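S.K.: protein32.pdb (PDB, C-alpha atoms) pasted underneath:
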ATOM      1  CA  MET A   1       0.000   0.000   0.000
ATOM      2  CA  ILE A   2       1.149   3.544  -0.815
ATOM      3  CA  ILE A   3      -0.257   6.663   0.848
ATOM      4  CA  ILE A   4      -0.351   9.881  -1.177
ATOM      5  CA  THR A   5      -1.154  13.134   0.603
ATOM      6  CA  GLY A   6      -2.633  15.880  -1.551
ATOM      7  CA  ALA A   7      -3.595  13.303  -4.158
ATOM      8  CA  THR A   8      -6.697  15.077  -5.442
ATOM      9  CA  GLY A   9      -4.361  17.882  -6.474
ATOM     10  CA  PHE A  10      -2.309  18.255  -9.615
ATOM     11  CA  ILE A  11       0.861  16.173  -9.281
ATOM     12  CA  GLY A  12      -0.722  13.858  -6.712
ATOM     13  CA  SER A  13      -3.602  12.834  -8.979
ATOM     14  CA  CYS A  14      -1.247  12.251 -11.919
ATOM     15  CA  LEU A  15       0.869  10.037  -9.672
ATOM     16  CA  GLN A  16      -2.266   8.252  -8.460
ATOM     17  CA  ALA A  17      -3.189   7.534 -12.099
ATOM     18  CA  ALA A  18       0.231   6.015 -12.767
ATOM     19  CA  LEU A  19       0.160   3.868  -9.626
ATOM     20  CA  ALA A  20      -3.386   2.682 -10.400
ATOM     21  CA  LYS A  21      -2.196   1.641 -13.855
ATOM     22  CA  LEU A  22       0.546  -0.373 -12.156
ATOM     23  CA  LYS A  23      -2.109  -2.067  -9.964
ATOM     24  CA  GLU A  24      -0.665  -0.562  -6.775
ATOM     25  CA  GLU A  25      -2.958  -0.258  -3.768
ATOM     26  CA  THR A  26      -3.245   3.461  -2.981
ATOM     27  CA  VAL A  27      -4.816   5.501  -0.214
ATOM     28  CA  ILE A  28      -5.393   9.205  -0.737
ATOM     29  CA  ILE A  29      -5.132  11.664   2.143
ATOM     30  CA  ASP A  30      -6.989  14.744   0.972
ATOM     31  CA  TRP A  31     -10.299  16.583   0.856
ATOM     32  CA  LEU A  32     -12.474  16.314  -2.235
ATOM     33  CA  GLY A  33     -13.926  19.738  -1.489
ATOM     34  CA  SER A  34     -16.953  21.288  -3.124
ATOM     35  CA  ASP A  35     -15.497  22.108  -6.528
ATOM     36  CA  ASN A  36     -14.389  19.718  -9.279
ATOM     37  CA  LYS A  37     -11.225  18.282  -7.708
ATOM     38  CA  TRP A  38     -12.952  14.884  -7.576
ATOM     39  CA  ARG A  39     -12.613  14.780 -11.352
ATOM     40  CA  ASN A  40      -8.841  14.565 -10.923
ATOM     41  CA  ILE A  41      -9.234  11.008  -9.589
ATOM     42  CA  ALA A  42     -12.481  10.016 -11.321
ATOM     43  CA  ASN A  43     -10.707   8.047 -14.063
ATOM     44  CA  HIS A  44      -8.375   6.169 -11.679
ATOM     45  CA  ILE A  45     -10.200   5.418  -8.457
ATOM     46  CA  PRO A  46      -8.010   4.888  -5.344
ATOM     47  CA  ASN A  47      -8.605   2.150  -2.789
ATOM     48  CA  ALA A  48      -9.619   4.728  -0.182
ATOM     49  CA  VAL A  49      -9.918   8.465   0.391
ATOM     50  CA  ILE A  50      -9.143   9.605   3.943
ATOM     51  CA  ALA A  51      -9.775  13.155   5.171
ATOM     52  CA  PRO A  52      -6.589  14.755   6.581
ATOM     53  CA  GLU A  53      -8.172  15.150  10.025
ATOM     54  CA  ASN A  54      -8.470  11.334  10.159
ATOM     55  CA  LEU A  55      -4.848  10.690   9.177
ATOM     56  CA  ASP A  56      -3.593   9.906  12.690
ATOM     57  CA  SER A  57      -6.246   7.283  13.382
ATOM     58  CA  PHE A  58      -5.660   5.717   9.965
ATOM     59  CA  LEU A  59      -1.905   5.470  10.568
ATOM     60  CA  ASP A  60      -2.581   3.797  13.909
ATOM     61  CA  GLN A  61      -4.244   0.874  12.159
ATOM     62  CA  VAL A  62      -2.430   0.649   8.827
ATOM     63  CA  HIS A  63      -0.318  -2.402   7.939
ATOM     64  CA  ASP A  64       1.987  -3.363   5.063
ATOM     65  CA  LEU A  65       2.656   0.232   4.074
ATOM     66  CA  THR A  66       5.358   0.654   1.423
ATOM     67  CA  ALA A  67       5.703   4.429   1.350
ATOM     68  CA  ILE A  68       4.162   7.771   2.153
ATOM     69  CA  ILE A  69       4.412  10.227  -0.730
ATOM     70  CA  HIS A  70       3.765  13.603   0.844
ATOM     71  CA  LEU A  71       2.588  16.099  -1.790
ATOM     72  CA  GLY A  72      -0.048  17.918   0.254
ATOM     73  CA  ALA A  73       0.848  21.534   1.021
ATOM     74  CA  ILE A  74      -0.227  25.137   0.836
ATOM     75  CA  SER A  75       1.578  25.906  -2.407
ATOM     76  CA  GLU A  76       0.460  29.431  -3.257
ATOM     77  CA  THR A  77       3.505  31.668  -3.647
ATOM     78  CA  THR A  78       1.321  34.579  -2.505
ATOM     79  CA  ALA A  79       0.200  32.858   0.742
ATOM     80  CA  ARG A  80       0.150  35.238   3.723
ATOM     81  CA  ASP A  81      -1.098  33.177   6.691
ATOM     82  CA  GLY A  82       2.224  32.227   8.227
ATOM     83  CA  ASP A  83       0.738  30.112  11.016
ATOM     84  CA  LEU A  84      -1.343  28.041   8.630
ATOM     85  CA  VAL A  85       1.557  27.586   6.213
ATOM     86  CA  TRP A  86       3.833  26.522   9.068
ATOM     87  CA  LYS A  87       1.298  24.028  10.394
ATOM     88  CA  THR A  88       0.636  22.543   6.973
ATOM     89  CA  ASN A  89       4.031  22.667   5.279
ATOM     90  CA  VAL A  90       6.400  22.204   8.226
ATOM     91  CA  GLU A  91       4.630  20.576  11.185
ATOM     92  CA  LEU A  92       2.755  17.975   9.122
ATOM     93  CA  SER A  93       5.881  17.124   7.134
ATOM     94  CA  THR A  94       7.838  16.709  10.360
ATOM     95  CA  LYS A  95       5.163  14.473  11.854
ATOM     96  CA  LEU A  96       5.121  12.221   8.788
ATOM     97  CA  TRP A  97       8.924  12.045   8.715
ATOM     98  CA  ARG A  98       8.970  10.967  12.381
ATOM     99  CA  TRP A  99       6.248   8.388  11.822
ATOM    100  CA  CYS A 100       8.044   6.909   8.817
ATOM    101  CA  ALA A 101      11.332   6.785  10.732
ATOM    102  CA  GLU A 102       9.740   5.042  13.705
ATOM    103  CA  ASN A 103       7.821   2.575  11.533
ATOM    104  CA  GLN A 104      10.530   2.094   8.882
ATOM    105  CA  VAL A 105       8.359   3.261   6.010
ATOM    106  CA  ARG A 106       9.788   5.020   2.969
ATOM    107  CA  PHE A 107       9.117   8.772   2.706
ATOM    108  CA  ILE A 108       9.064  10.920  -0.444
ATOM    109  CA  TYR A 109       8.029  14.557  -0.160
ATOM    110  CA  ALA A 110       7.602  17.672  -2.269
ATOM    111  CA  SER A 111      10.125  20.427  -1.790
ATOM    112  CA  SER A 112      10.161  23.276  -4.311
ATOM    113  CA  ALA A 113      12.314  25.326  -6.655
ATOM    114  CA  ALA A 114      10.873  28.311  -4.761
ATOM    115  CA  THR A 115      13.510  27.537  -2.118
ATOM    116  CA  TYR A 116      16.093  29.022  -4.512
ATOM    117  CA  GLY A 117      14.574  32.485  -4.115
ATOM    118  CA  GLY A 118      16.187  35.159  -6.269
ATOM    119  CA  ALA A 119      18.781  32.832  -7.812
ATOM    120  CA  ASN A 120      19.404  33.886 -11.409
ATOM    121  CA  ARG A 121      22.441  31.923 -12.628
ATOM    122  CA  PRO A 122      22.685  28.227 -13.526
ATOM    123  CA  GLU A 123      25.249  27.620 -10.781
ATOM    124  CA  ASP A 124      22.795  28.962  -8.174
ATOM    125  CA  PHE A 125      20.447  25.977  -8.607
ATOM    126  CA  ARG A 126      22.676  23.268  -7.173
ATOM    127  CA  ASP A 127      20.916  20.747  -4.943
ATOM    128  CA  ALA A 128      23.940  19.412  -3.072
ATOM    129  CA  PRO A 129      23.380  19.357   0.726
ATOM    130  CA  GLU A 130      26.117  21.901   1.444
ATOM    131  CA  TYR A 131      24.224  24.594  -0.506
ATOM    132  CA  ILE A 132      20.870  24.255   1.266
ATOM    133  CA  SER A 133      21.710  26.461   4.242
ATOM    134  CA  HIS A 134      22.703  29.340   1.933
ATOM    135  CA  LEU A 135      19.352  29.606   0.120
ATOM    136  CA  LYS A 136      17.153  32.662   0.635
ATOM    137  CA  PRO A 137      13.547  32.120  -0.549
ATOM    138  CA  LEU A 138      11.550  35.166  -1.638
ATOM    139  CA  ASN A 139       8.148  34.178  -0.237
ATOM    140  CA  LEU A 140       6.472  32.395   2.667
ATOM    141  CA  TYR A 141       5.749  29.253   0.661
ATOM    142  CA  GLY A 142       9.347  28.868  -0.498
ATOM    143  CA  TRP A 143      10.624  29.571   3.009
ATOM    144  CA  SER A 144       8.390  26.890   4.551
ATOM    145  CA  LYS A 145       9.744  24.307   2.112
ATOM    146  CA  HIS A 146      13.275  25.491   2.835
ATOM    147  CA  VAL A 147      12.710  25.107   6.571
ATOM    148  CA  PHE A 148      11.810  21.436   6.246
ATOM    149  CA  ASP A 149      14.766  20.762   3.933
ATOM    150  CA  THR A 150      16.976  22.432   6.553
ATOM    151  CA  TYR A 151      15.461  20.373   9.362
ATOM    152  CA  ILE A 152      16.369  17.192   7.513
ATOM    153  CA  GLN A 153      19.983  18.299   7.188
ATOM    154  CA  ARG A 154      20.023  18.996  10.933
ATOM    155  CA  TRP A 155      18.547  15.575  11.772
ATOM    156  CA  LEU A 156      21.085  13.859   9.548
ATOM    157  CA  ALA A 157      23.949  15.759  11.210
ATOM    158  CA  GLU A 158      22.631  14.733  14.631
ATOM    159  CA  ASP A 159      22.445  11.101  13.474
ATOM    160  CA  ASP A 160      18.736  11.100  14.267
ATOM    161  CA  MET A 161      16.478   8.235  13.188
ATOM    162  CA  THR A 162      15.512   8.410   9.501
ATOM    163  CA  PRO A 163      13.083   6.552   7.225
ATOM    164  CA  PRO A 164      14.692   3.631   5.332
ATOM    165  CA  GLN A 165      14.433   5.760   2.198
ATOM    166  CA  TRP A 166      13.786   9.486   2.180
ATOM    167  CA  VAL A 167      13.596  11.745  -0.859
ATOM    168  CA  GLY A 168      12.838  15.449  -1.231
ATOM    169  CA  LEU A 169      12.049  16.680  -4.745
ATOM    170  CA  LYS A 170      12.468  20.336  -5.655
ATOM    171  CA  PHE A 171       9.780  20.665  -8.313
ATOM    172  CA  PHE A 172      10.373  23.366 -10.904
ATOM    173  CA  ASN A 173       7.598  24.742 -13.166
ATOM    174  CA  VAL A 174       5.305  21.748 -13.643
ATOM    175  CA  TYR A 175       2.504  21.784 -16.232
ATOM    176  CA  GLY A 176       0.002  19.253 -17.509
ATOM    177  CA  PRO A 177      -3.510  17.827 -17.058
ATOM    178  CA  ASN A 178      -5.438  17.908 -13.765
ATOM    179  CA  GLU A 179      -4.203  21.361 -12.755
ATOM    180  CA  TYR A 180      -7.507  23.059 -13.578
ATOM    181  CA  HIS A 181      -8.512  23.671  -9.944
ATOM    182  CA  LYS A 182      -5.404  25.711  -9.141
ATOM    183  CA  GLY A 183      -6.826  29.157  -9.894
ATOM    184  CA  LYS A 184      -4.116  31.819  -9.991
ATOM    185  CA  MET A 185      -1.427  29.150  -9.422
ATOM    186  CA  ILE A 186      -2.258  27.315 -12.650
ATOM    187  CA  SER A 187       0.612  26.873 -15.113
ATOM    188  CA  VAL A 188       1.501  29.523 -17.658
ATOM    189  CA  VAL A 189       0.904  26.929 -20.384
ATOM    190  CA  LYS A 190      -2.771  26.656 -19.455
ATOM    191  CA  VAL A 191      -3.166  30.433 -19.136
ATOM    192  CA  LYS A 192      -1.631  31.029 -22.570
ATOM    193  CA  PHE A 193      -3.748  28.246 -24.070
ATOM    194  CA  ASP A 194      -6.921  29.945 -22.806
ATOM    195  CA  GLU A 195      -5.853  33.274 -24.313
ATOM    196  CA  VAL A 196      -4.812  31.898 -27.698
ATOM    197  CA  ASN A 197      -7.745  29.492 -27.936
ATOM    198  CA  GLN A 198     -10.079  32.481 -27.535
ATOM    199  CA  GLY A 199      -8.458  34.162 -30.544
ATOM    200  CA  LYS A 200      -6.384  36.591 -28.465
ATOM    201  CA  PRO A 201      -2.624  37.149 -28.469
ATOM    202  CA  ALA A 202      -0.652  35.435 -25.720
ATOM    203  CA  ARG A 203       0.128  38.044 -23.057
ATOM    204  CA  LEU A 204       3.520  38.102 -21.346
ATOM    205  CA  PHE A 205       5.013  40.389 -18.713
ATOM    206  CA  ARG A 206       7.401  43.065 -19.859
ATOM    207  CA  SER A 207      10.902  42.785 -18.525
ATOM    208  CA  ASP A 208      11.919  45.355 -15.939
ATOM    209  CA  GLN A 209      15.519  44.144 -15.829
ATOM    210  CA  LYS A 210      18.101  46.126 -17.726
ATOM    211  CA  GLY A 211      19.527  44.171 -20.632
ATOM    212  CA  LEU A 212      16.787  41.521 -20.617
ATOM    213  CA  ALA A 213      14.370  41.801 -23.544
ATOM    214  CA  ASP A 214      10.624  41.317 -23.135
ATOM    215  CA  GLY A 215       9.709  37.635 -23.220
ATOM    216  CA  MET A 216      13.243  36.496 -22.435
ATOM    217  CA  GLN A 217      12.416  35.665 -18.813
ATOM    218  CA  ALA A 218      13.171  31.956 -18.589
ATOM    219  CA  ARG A 219      12.061  29.030 -16.460
ATOM    220  CA  ASP A 220      12.666  25.321 -16.283
ATOM    221  CA  PHE A 221       9.261  24.031 -17.428
ATOM    222  CA  ILE A 222       8.712  20.313 -16.770
ATOM    223  CA  TRP A 223       5.929  18.072 -18.086
ATOM    224  CA  VAL A 224       4.011  16.406 -15.246
ATOM    225  CA  GLY A 225       4.545  12.992 -16.795
ATOM    226  CA  ASP A 226       8.286  13.432 -16.268
ATOM    227  CA  VAL A 227       7.712  14.356 -12.617
ATOM    228  CA  VAL A 228       5.693  11.179 -12.129
ATOM    229  CA  ASP A 229       8.413   9.124 -13.821
ATOM    230  CA  VAL A 230      11.013  10.519 -11.407
ATOM    231  CA  ILE A 231       8.862   9.589  -8.385
ATOM    232  CA  LEU A 232       8.268   6.094  -9.754
ATOM    233  CA  TRP A 233      12.002   5.703 -10.301
ATOM    234  CA  PHE A 234      12.659   6.426  -6.634
ATOM    235  CA  LEU A 235      10.026   3.875  -5.660
ATOM    236  CA  GLU A 236      11.879   1.361  -7.831
ATOM    237  CA  ASN A 237      15.240   2.317  -6.284
ATOM    238  CA  PRO A 238      14.740   2.213  -2.512
ATOM    239  CA  LYS A 239      18.438   2.570  -1.694
ATOM    240  CA  VAL A 240      18.624   6.108  -3.116
ATOM    241  CA  SER A 241      17.914   8.924  -0.650
ATOM    242  CA  GLY A 242      18.481  12.690  -0.648
ATOM    243  CA  ILE A 243      17.108  16.023  -1.806
ATOM    244  CA  TYR A 244      17.085  16.364  -5.584
ATOM    245  CA  ASN A 245      16.058  18.887  -8.193
ATOM    246  CA  CYS A 246      13.143  17.833 -10.374
ATOM    247  CA  GLY A 247      13.299  19.868 -13.562
ATOM    248  CA  THR A 248      14.585  19.297 -17.091
ATOM    249  CA  GLY A 249      17.922  21.052 -16.693
ATOM    250  CA  LYS A 250      17.057  23.444 -19.533
ATOM    251  CA  ALA A 251      15.672  26.960 -19.092
ATOM    252  CA  ARG A 252      13.237  28.032 -21.797
ATOM    253  CA  THR A 253      11.894  31.524 -22.346
ATOM    254  CA  TYR A 254       8.310  32.598 -21.916
ATOM    255  CA  LEU A 255       8.386  33.610 -25.576
ATOM    256  CA  ASP A 256       9.331  30.016 -26.466
ATOM    257  CA  LEU A 257       6.362  28.839 -24.428
ATOM    258  CA  ALA A 258       3.911  31.259 -26.042
ATOM    259  CA  HIS A 259       5.116  30.227 -29.498
ATOM    260  CA  ALA A 260       4.771  26.532 -28.586
ATOM    261  CA  VAL A 261       1.147  27.121 -27.548
ATOM    262  CA  CYS A 262       0.365  28.908 -30.815
ATOM    263  CA  ASP A 263       2.060  26.180 -32.838
ATOM    264  CA  ALA A 264       0.167  23.423 -31.005
ATOM    265  CA  LEU A 265      -3.097  25.187 -31.837
ATOM    266  CA  ASN A 266      -1.921  25.764 -35.429
ATOM    267  CA  VAL A 267      -2.477  29.525 -35.282
ATOM    268  CA  GLN A 268      -0.277  32.498 -36.109
ATOM    269  CA  ARG A 269       2.211  33.453 -33.405
ATOM    270  CA  GLN A 270       0.969  36.625 -31.684
ATOM    271  CA  VAL A 271       2.281  37.992 -28.381
ATOM    272  CA  ASP A 272       1.434  41.165 -26.444
ATOM    273  CA  PHE A 273       3.536  42.455 -23.563
ATOM    274  CA  ILE A 274       1.948  43.894 -20.417
ATOM    275  CA  ASP A 275       3.265  45.444 -17.204
ATOM    276  CA  MET A 276       3.974  43.136 -14.280
ATOM    277  CA  PRO A 277       1.459  43.433 -11.388
ATOM    278  CA  ALA A 278       2.791  45.283  -8.361
ATOM    279  CA  SER A 279       2.130  42.210  -6.195
ATOM    280  CA  LEU A 280       4.793  40.239  -8.097
ATOM    281  CA  ILE A 281       7.529  42.849  -8.093
ATOM    282  CA  GLY A 282      10.332  41.648  -5.848
ATOM    283  CA  GLN A 283       8.961  38.084  -5.746
ATOM    284  CA  TYR A 284       9.332  37.194  -9.417
ATOM    285  CA  GLN A 285      11.979  34.716 -10.528
ATOM    286  CA  TYR A 286      13.434  35.798 -13.862
ATOM    287  CA  PHE A 287      15.423  32.618 -14.386
ATOM    288  CA  THR A 288      15.282  29.044 -13.131
ATOM    289  CA  GLN A 289      17.214  26.049 -14.388
ATOM    290  CA  ALA A 290      17.539  22.863 -12.389
ATOM    291  CA  ASP A 291      20.998  21.417 -12.012
ATOM    292  CA  MET A 292      20.198  17.762 -12.684
ATOM    293  CA  THR A 293      23.714  16.441 -12.118
ATOM    294  CA  ARG A 294      23.002  14.666  -8.834
ATOM    295  CA  LEU A 295      19.845  12.918 -10.068
ATOM    296  CA  ARG A 296      21.764  11.684 -13.119
ATOM    297  CA  GLN A 297      24.615  10.513 -10.908
ATOM    298  CA  ALA A 298      22.078   8.683  -8.732
ATOM    299  CA  GLY A 299      21.129   6.639 -11.800
ATOM    300  CA  TYR A 300      18.128   8.339 -13.430
ATOM    301  CA  THR A 301      18.731   8.099 -17.183
ATOM    302  CA  LYS A 302      15.403   8.844 -18.881
ATOM    303  CA  GLU A 303      15.320  11.873 -21.172
ATOM    304  CA  PHE A 304      13.005  14.743 -20.262
ATOM    305  CA  THR A 305      10.196  15.902 -22.538
ATOM    306  CA  SER A 306      10.980  19.039 -24.550
ATOM    307  CA  LEU A 307       8.823  22.119 -24.033
ATOM    308  CA  GLU A 308       7.394  21.881 -27.547
ATOM    309  CA  GLU A 309       6.563  18.199 -27.176
ATOM    310  CA  GLY A 310       5.038  18.642 -23.715
ATOM    311  CA  VAL A 311       2.926  21.649 -24.673
ATOM    312  CA  GLY A 312       1.744  19.865 -27.811
ATOM    313  CA  GLN A 313       0.811  16.761 -25.847
ATOM    314  CA  TYR A 314      -0.976  18.786 -23.172
ATOM    315  CA  ILE A 315      -3.038  20.732 -25.685
ATOM    316  CA  GLN A 316      -3.817  18.030 -28.238
ATOM    317  CA  ASP A 317      -4.371  15.122 -25.827
ATOM    318  CA  TYR A 318      -6.174  17.020 -23.057
ATOM    319  CA  LEU A 319      -7.054  20.713 -23.364
ATOM    320  CA  VAL A 320      -8.934  20.473 -26.665
ATOM    321  CA  LYS A 321     -10.755  17.284 -25.627
ATOM    322  CA  SER A 322     -14.226  17.141 -24.088
ATOM    323  CA  ASP A 323     -12.698  15.370 -21.067
ATOM    324  CA  PRO A 324      -9.372  17.108 -20.336
ATOM    325  CA  TYR A 325      -8.560  14.986 -17.268
ATOM    326  CA  LEU A 326      -5.909  12.328 -17.030
TER
END
Would you mind giving the structure from this file in structure tokens?

M.R.:
Amino acid sequence: MIIITGATGFIGSCLQAALAKLKEETVIIDWLGSDNKWRNIANHIPNAVIAPENLDSFLDQVHDLTAIIHLGAISETTARDGDLVWKTNVELSTKLWRWCAENQVRFIYASSAATYGGANRPEDFRDAPEYISHLKPLNLYGWSKHVFDTYIQRWLAEDDMTPPQWVGLKFFNVYGPNEYHKGKMISVVKVKFDEVNQGKPARLFRSDQKGLADGMQARDFIWVGDVVDVILWFLENPKVSGIYNCGTGKARTYLDLAHAVCDALNVQRQVDFIDMPASLIGQYQYFTQADMTRLRQAGYTKEFTSLEEGVGQYIQDYLVKSDPYL
């Protein structure tokens, strides 16, 4: 049995779909809510759905548990409720780590590229343990993820009890099906699809950095199927532990992305540039690019999906279909 927290969400539901296809017994720890998040798991039904408030009692009676994959979090980069973010992103993660250590259950959790803060050079995105303490996240969400990563380094230094396998994955800019509930945190790919599909130009933020042209802001965009493949690889390789980047290792510009959306919809490339909202100034990452060296050295060899291929697959196989869910 595998437990997935946050599994009615984006990455969690895509992982649930893959595990269901592999005939794995899965238990989801999440709320279905009152919107359409249930559709994220409608096509790949789990063995059970447990509300988060019932997690403790469920763990008290569970047997033959292979792993807890902890993806549940408050992930909004604009989150302001520090106490709630701490309780959800730090205290719950700590509790699950301790439980897995005491019960010798494998533990895989979501960290974030937001921990890198204002990093803007390729060499700033190294995931080696010695660099973690030097990171300076720009927002509450990124800081909360950084805190838990830092706690793990402290526990390791103190030779504290650990799960038999533990993995933290710093997800970069993930896009793909089942993200439709995310509101303002939805991927740029989906936002640009909606604009272009309505016959409008794709809108991108103007650059306010000297020497950087409009549209040349760049991110490491990763197809959700690749993220799932990385998680499955760790499940297949229980002797590998550590905190690892989960991106493609290639930064692509927002202009590249907008053009890929237009091409996938077979329409003329049209882009308008608009001013950045005041709320994002000072919290906007102009460049991200995962250093994938350590994951490759650990043994992961599969090639990552190109931006053009991923955007095309997302649009043609999901967004233009009557049922866009995985």

S.K.: Using the chain letters and numbering of this document, enumerate as a VMD selection string the residues selected by the PyMOL selection byres ((chain A and resi 28) around 7).

M.R.: chain A and resid 3 to 5 7 26 to 27 29 to 30 46 48 to 50

S.K.: Applied to this file, what does the PyMOL selection byres ((chain A and resi 214) around 9) return in terms of residues, put as a list in words?

M.R.: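 Given this file, the PyMOL selection byres ((chain A and resi 214) around 9) evaluates to Leu204, Phe205, Arg206, Ser207, Asp208, Leu212, Ala213, Gly215, Met216, Gln217, Leu255 and Phe273 of chain A.
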
S.K.: Write out as a PyMOL selection string which residues come within 8 Å of stretch 103-118 of chain A when counting all atoms listed in the file, dropping same-chain ones fewer than 4 positions away.

M.R.: chain A and resi 65-71+97+99+124-125+135-139+141-143+145-146+149+163-172+238+245+283-285

S.K.: Please dump the current selection as a PDB file, in the coordinates of the input; keep C-alpha atoms.

M.R.:
ATOM      1  CA  LEU A  65       2.656   0.232   4.074  1.00  0.00           C
ATOM      2  CA  THR A  66       5.358   0.654   1.423  1.00  0.00           C
ATOM      3  CA  ALA A  67       5.703   4.429   1.350  1.00  0.00           C
ATOM      4  CA  ILE A  68       4.162   7.771   2.153  1.00  0.00           C
ATOM      5  CA  ILE A  69       4.412  10.227  -0.730  1.00  0.00           C
ATOM      6  CA  HIS A  70       3.765  13.603   0.844  1.00  0.00           C
ATOM      7  CA  LEU A  71       2.588  16.099  -1.790  1.00  0.00           C
ATOM      8  CA  TRP A  97       8.924  12.045   8.715  1.00  0.00           C
ATOM      9  CA  TRP A  99       6.248   8.388  11.822  1.00  0.00           C
ATOM     10  CA  ASP A 124      22.795  28.962  -8.174  1.00  0.00           C
ATOM     11  CA  PHE A 125      20.447  25.977  -8.607  1.00  0.00           C
ATOM     12  CA  LEU A 135      19.352  29.606   0.120  1.00  0.00           C
ATOM     13  CA  LYS A 136      17.153  32.662   0.635  1.00  0.00           C
ATOM     14  CA  PRO A 137      13.547  32.120  -0.549  1.00  0.00           C
ATOM     15  CA  LEU A 138      11.550  35.166  -1.638  1.00  0.00           C
ATOM     16  CA  ASN A 139       8.148  34.178  -0.237  1.00  0.00           C
ATOM     17  CA  TYR A 141       5.749  29.253   0.661  1.00  0.00           C
ATOM     18  CA  GLY A 142       9.347  28.868  -0.498  1.00  0.00           C
ATOM     19  CA  TRP A 143      10.624  29.571   3.009  1.00  0.00           C
ATOM     20  CA  LYS A 145       9.744  24.307   2.112  1.00  0.00           C
ATOM     21  CA  HIS A 146      13.275  25.491   2.835  1.00  0.00           C
ATOM     22  CA  ASP A 149      14.766  20.762   3.933  1.00  0.00           C
ATOM     23  CA  PRO A 163      13.083   6.552   7.225  1.00  0.00           C
ATOM     24  CA  PRO A 164      14.692   3.631   5.332  1.00  0.00           C
ATOM     25  CA  GLN A 165      14.433   5.760   2.198  1.00  0.00           C
ATOM     26  CA  TRP A 166      13.786   9.486   2.180  1.00  0.00           C
ATOM     27  CA  VAL A 167      13.596  11.745  -0.859  1.00  0.00           C
ATOM     28  CA  GLY A 168      12.838  15.449  -1.231  1.00  0.00           C
ATOM     29  CA  LEU A 169      12.049  16.680  -4.745  1.00  0.00           C
ATOM     30  CA  LYS A 170      12.468  20.336  -5.655  1.00  0.00           C
ATOM     31  CA  PHE A 171       9.780  20.665  -8.313  1.00  0.00           C
ATOM     32  CA  PHE A 172      10.373  23.366 -10.904  1.00  0.00           C
ATOM     33  CA  PRO A 238      14.740   2.213  -2.512  1.00  0.00           C
ATOM     34  CA  ASN A 245      16.058  18.887  -8.193  1.00  0.00           C
ATOM     35  CA  GLN A 283       8.961  38.084  -5.746  1.00  0.00           C
ATOM     36  CA  TYR A 284       9.332  37.194  -9.417  1.00  0.00           C
ATOM     37  CA  GLN A 285      11.979  34.716 -10.528  1.00  0.00           C
TER      38      GLN A 285
END

S.K.: Counting all atoms listed in the file, what is within 8 Å of A:Met292, bar same-chain residues fewer than 3 positions away, as a list in words?

M.R.: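 Listing them by chain and then by number gives Tyr244, Asn245, Cys246, Gly247, Thr248, Gly249, Leu295 and Arg296 of chain A.
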
S.K.: Evaluate the PyMOL selection byres ((chain A and resi 25) around 8) and record the selected residues as a list of chain:residue names, following the chain and residue labels used in the document.

M.R.: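 Applying the PyMOL selection byres ((chain A and resi 25) around 8) to the structure shown produces A:Met1, A:Ile2, A:Leu19, A:Ala20, A:Lys23, A:Glu24, A:Thr26, A:Val27, A:Pro46, A:Asn47.
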
S.K.: Generate a file for stretch 220-230 of chain A, containing N, CA and C atoms, as a PDB file, in the first residue's frame.

M.R.:
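Writing the result to out-v4.pdb gives the following:
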ATOM      1  N   ASP A 220      12.529  26.743 -15.978  1.00  0.00           N
ATOM      2  CA  ASP A 220      12.666  25.321 -16.283  1.00  0.00           C
ATOM      3  C   ASP A 220      11.272  24.707 -16.201  1.00  0.00           C
ATOM      4  N   PHE A 221      10.619  24.572 -17.347  1.00  0.00           N
ATOM      5  CA  PHE A 221       9.261  24.031 -17.428  1.00  0.00           C
ATOM      6  C   PHE A 221       9.340  22.514 -17.585  1.00  0.00           C
ATOM      7  N   ILE A 222       8.642  21.773 -16.719  1.00  0.00           N
ATOM      8  CA  ILE A 222       8.712  20.313 -16.770  1.00  0.00           C
ATOM      9  C   ILE A 222       7.318  19.701 -16.886  1.00  0.00           C
ATOM     10  N   TRP A 223       7.172  18.808 -17.828  1.00  0.00           N
ATOM     11  CA  TRP A 223       5.929  18.072 -18.086  1.00  0.00           C
ATOM     12  C   TRP A 223       5.619  17.175 -16.897  1.00  0.00           C
ATOM     13  N   VAL A 224       4.367  17.159 -16.452  1.00  0.00           N
ATOM     14  CA  VAL A 224       4.011  16.406 -15.246  1.00  0.00           C
ATOM     15  C   VAL A 224       4.296  14.913 -15.390  1.00  0.00           C
ATOM     16  N   GLY A 225       4.225  14.402 -16.586  1.00  0.00           N
ATOM     17  CA  GLY A 225       4.545  12.992 -16.795  1.00  0.00           C
ATOM     18  C   GLY A 225       5.985  12.672 -16.433  1.00  0.00           C
ATOM     19  N   ASP A 226       6.888  13.624 -16.659  1.00  0.00           N
ATOM     20  CA  ASP A 226       8.286  13.432 -16.268  1.00  0.00           C
ATOM     21  C   ASP A 226       8.434  13.445 -14.753  1.00  0.00           C
ATOM     22  N   VAL A 227       7.689  14.316 -14.082  1.00  0.00           N
ATOM     23  CA  VAL A 227       7.712  14.356 -12.617  1.00  0.00           C
ATOM     24  C   VAL A 227       7.269  13.009 -12.044  1.00  0.00           C
ATOM     25  N   VAL A 228       6.185  12.478 -12.584  1.00  0.00           N
ATOM     26  CA  VAL A 228       5.693  11.179 -12.129  1.00  0.00           C
ATOM     27  C   VAL A 228       6.729  10.095 -12.372  1.00  0.00           C
ATOM     28  N   ASP A 229       7.390  10.123 -13.517  1.00  0.00           N
ATOM     29  CA  ASP A 229       8.413   9.124 -13.821  1.00  0.00           C
ATOM     30  C   ASP A 229       9.559   9.174 -12.815  1.00  0.00           C
ATOM     31  N   VAL A 230       9.938  10.381 -12.397  1.00  0.00           N
ATOM     32  CA  VAL A 230      11.013  10.519 -11.407  1.00  0.00           C
ATOM     33  C   VAL A 230      10.579   9.894 -10.076  1.00  0.00           C
TER      34      VAL A 230
END
